[in-house]
Amino acid sequence: MFGGLPVTSERFDLITMGRIGVDLYPLETGVPLGEADTFGRFLGGSPANVAVAAARLGRRVAMVTRTGADPFGAYLRAELRAFGVDDRYVAEVAAYPTPITFCEVFPPDRFPLYFYRLPKAPDLEIREDELDLDAIRAARVFWMTGTGLSAEPSRGATLAALEARAKSGTTVFDLDWRPTLWSEPPGEHYARALSLATVAVGNEEECEVATGERDPRAAGRALLAAGVELAVVKRGPEGVLAMHRDGRVAEVPPVPVEVVNGLGAGDAFGGALCHGLLAGWEPERVLRYGNAAGAIVASRLACSSAMPVAAEIEEVLGRAGER
């Protein structure tokens, strides 16, 4: 046992670590929060959504996180299990409530988020001595996020997990820049994580925070120089760029879609990215698959419950002639 949590000898395709919470979205689009009367409740948090996205694609997935010892925490654990995500590394922190996040939905490109994570989110209370480092080391893919580096003890635990991996398998750093969740500049901590990861994923703003470079190709080169083997730069309406240390470069356009809620698209892309990397696909195929997954979720209101299965992604790719 580690910190009261079970140790496993089983090998997961993917383990994600970090932020989890309850998303509350108005059930009408284009309505300010102060005027909304009804809300939908969903599992949220980027690494939680990535875990769900990969599980929906048939991967064996677990998540390392913490919730409050409250009904919302019980709801999140039940949702993870319902989506096929192993919750053995999810524990309660009695001192803090489970976070909630409100979103305003103004399609096609404005989706303000309001985080309620004070006085502190339980997922920032993950401690190094509670980690099953053998399972993390053995996972074929390990996914962590920038938010996990924003405060202790989560920062130390996240870096310990990265060090335990020692660049074995695929280790993904989702840059996940949420400025309202930081009380100090992230540069030193991002640099350390990049030196320990094999893949970096972020949008242009996140890449600029991590490297000082906003131009996609310059940012990709800077991420490679920082230590990763594969840099993935998400460019929104301009598509996505991937640059590999071996010189391979792939750039694909987005899949056209009528956007309902763009917030979960990046997480769907992340789950599909993990699926493609596990399958050993070439970067261009991985990007096209991820773009299709993201487009599907962007066309739906929810995030976690909107994550597509493989048949839905294949259908979108078939319509676009990209199968």
# chains A, B, ... in the order shown; residues from 1 in each chain; ligands from 1
$ residues_around --residues "Val50 (chain A)" --least-positions-apart "5" --cutoff "12 Å" --atoms "only C-alpha atoms" --output "PyMOL selection string"
chain A and resi 14-20+43-45+55-57+59+61-63+80+83+85+141-145+172+174+264-275+290+293-294+303-308
$ select_by_dssp --residues "region 60-279 of chain A" --states "strand (DSSP E or B)" --output "PyMOL selection string"
chain A and resi 61-68+85-93+100-103+106+110+113-116+141-145+170-174+199-203+230-234+240-244+249-252
$ closest_residue --among "A:Gly21, A:Pro107, A:Gly187, A:Pro256" --to "Phe42 (chain A)" --atoms "only C-alpha atoms"
A:Gly21
$ residues_around --residues "region 134-137 of chain A" --least-positions-apart "3" --cutoff "10 Å" --atoms "only C-alpha atoms" --output "ChimeraX atom specification"
/A:7-12,14-17,62,64,131,140-143,161-169,171
$ write_last_selection --atoms "C-alpha atoms" --output "PDB file, in the first residue's frame"
ATOM      1  CA  VAL A   7      -0.611  -1.080  -5.492  1.00  0.00           C
ATOM      2  CA  THR A   8      -1.105  -2.957  -8.743  1.00  0.00           C
ATOM      3  CA  SER A   9       1.091  -5.195 -10.850  1.00  0.00           C
ATOM      4  CA  GLU A  10      -1.229  -4.671 -13.827  1.00  0.00           C
ATOM      5  CA  ARG A  11      -0.060  -2.576 -16.745  1.00  0.00           C
ATOM      6  CA  PHE A  12      -2.236   0.264 -17.971  1.00  0.00           C
ATOM      7  CA  LEU A  14      -2.589   5.152 -20.009  1.00  0.00           C
ATOM      8  CA  ILE A  15      -2.404   6.754 -16.590  1.00  0.00           C
ATOM      9  CA  THR A  16      -3.404  10.406 -16.292  1.00  0.00           C
ATOM     10  CA  MET A  17      -2.676  12.542 -13.258  1.00  0.00           C
ATOM     11  CA  ALA A  62      -6.452   4.755 -14.756  1.00  0.00           C
ATOM     12  CA  VAL A  64      -4.387   9.546 -10.216  1.00  0.00           C
ATOM     13  CA  LEU A 131       2.015   7.249  -5.638  1.00  0.00           C
ATOM     14  CA  ARG A 140       2.606   2.620 -21.733  1.00  0.00           C
ATOM     15  CA  VAL A 141       1.610   6.298 -21.642  1.00  0.00           C
ATOM     16  CA  PHE A 142       1.685   8.696 -18.685  1.00  0.00           C
ATOM     17  CA  TRP A 143      -0.128  12.050 -19.003  1.00  0.00           C
ATOM     18  CA  ALA A 161       6.284  10.557 -11.294  1.00  0.00           C
ATOM     19  CA  LEU A 162       8.138  12.026 -14.267  1.00  0.00           C
ATOM     20  CA  GLU A 163      11.495  11.107 -12.751  1.00  0.00           C
ATOM     21  CA  ALA A 164      10.285   7.569 -12.097  1.00  0.00           C
ATOM     22  CA  ARG A 165       9.328   7.269 -15.743  1.00  0.00           C
ATOM     23  CA  ALA A 166      12.862   8.303 -16.802  1.00  0.00           C
ATOM     24  CA  LYS A 167      11.510   8.844 -20.340  1.00  0.00           C
ATOM     25  CA  SER A 168      10.406   5.212 -20.566  1.00  0.00           C
ATOM     26  CA  GLY A 169       7.429   4.635 -22.817  1.00  0.00           C
ATOM     27  CA  THR A 171       5.362  10.598 -21.196  1.00  0.00           C
TER      28      THR A 171
END
$ residues_around --residues "Gly148 (chain A)" --least-positions-apart "6" --cutoff "7 Å" --atoms "only C-alpha atoms" --output "list of chain:residue names"
A:Gly18, A:Leu124, A:Ser154, A:Arg155, A:Thr158
$ write_last_selection --atoms "C-alpha atoms" --output "PDB file, in the first residue's frame"
ATOM      1  CA  GLY A  18      -4.110  15.794 -11.973  1.00  0.00           C
ATOM      2  CA  LEU A 124      -3.325  19.638  -5.625  1.00  0.00           C
ATOM      3  CA  SER A 154       1.176  18.137  -6.256  1.00  0.00           C
ATOM      4  CA  ARG A 155       4.232  19.681  -7.936  1.00  0.00           C
ATOM      5  CA  THR A 158       4.180  15.147 -10.439  1.00  0.00           C
TER       6      THR A 158
END
$ residues_around --residues "Asp176 (chain A)" --least-positions-apart "3" --cutoff "9 Å" --atoms "only C-alpha atoms" --output "ChimeraX atom specification"
/A:46,145-147,173,201-203,206
$ write_last_selection --atoms "C-alpha atoms" --output "PDB file, in the first residue's frame"
ATOM      1  CA  SER A  46      -8.540  18.079 -18.509  1.00  0.00           C
ATOM      2  CA  THR A 145      -0.550  18.680 -16.890  1.00  0.00           C
ATOM      3  CA  GLY A 146       0.771  22.128 -16.129  1.00  0.00           C
ATOM      4  CA  THR A 147      -1.860  22.664 -13.459  1.00  0.00           C
ATOM      5  CA  PHE A 173       3.240  16.982 -20.731  1.00  0.00           C
ATOM      6  CA  VAL A 201       1.101  19.277 -26.254  1.00  0.00           C
ATOM      7  CA  GLY A 202      -0.245  22.817 -26.145  1.00  0.00           C
ATOM      8  CA  ASN A 203      -1.900  25.644 -28.007  1.00  0.00           C
ATOM      9  CA  GLU A 206       0.595  27.692 -23.854  1.00  0.00           C
TER      10      GLU A 206
END
$ residues_around --residues "Leu24 (chain A)" --least-positions-apart "3" --cutoff "7 Å" --atoms "only C-alpha atoms" --output "JSON, numbers by chain"
{"A": [39, 40, 41, 42, 101, 102, 103]}
$ select_by_dssp --residues "region 84-272 of chain A" --states "helix (DSSP H, G or I)" --output "ChimeraX atom specification"
/A:122-125,128-130,133-138,146-149,154-165,179-181,187-196,204-211,216-226,236-238,265-272
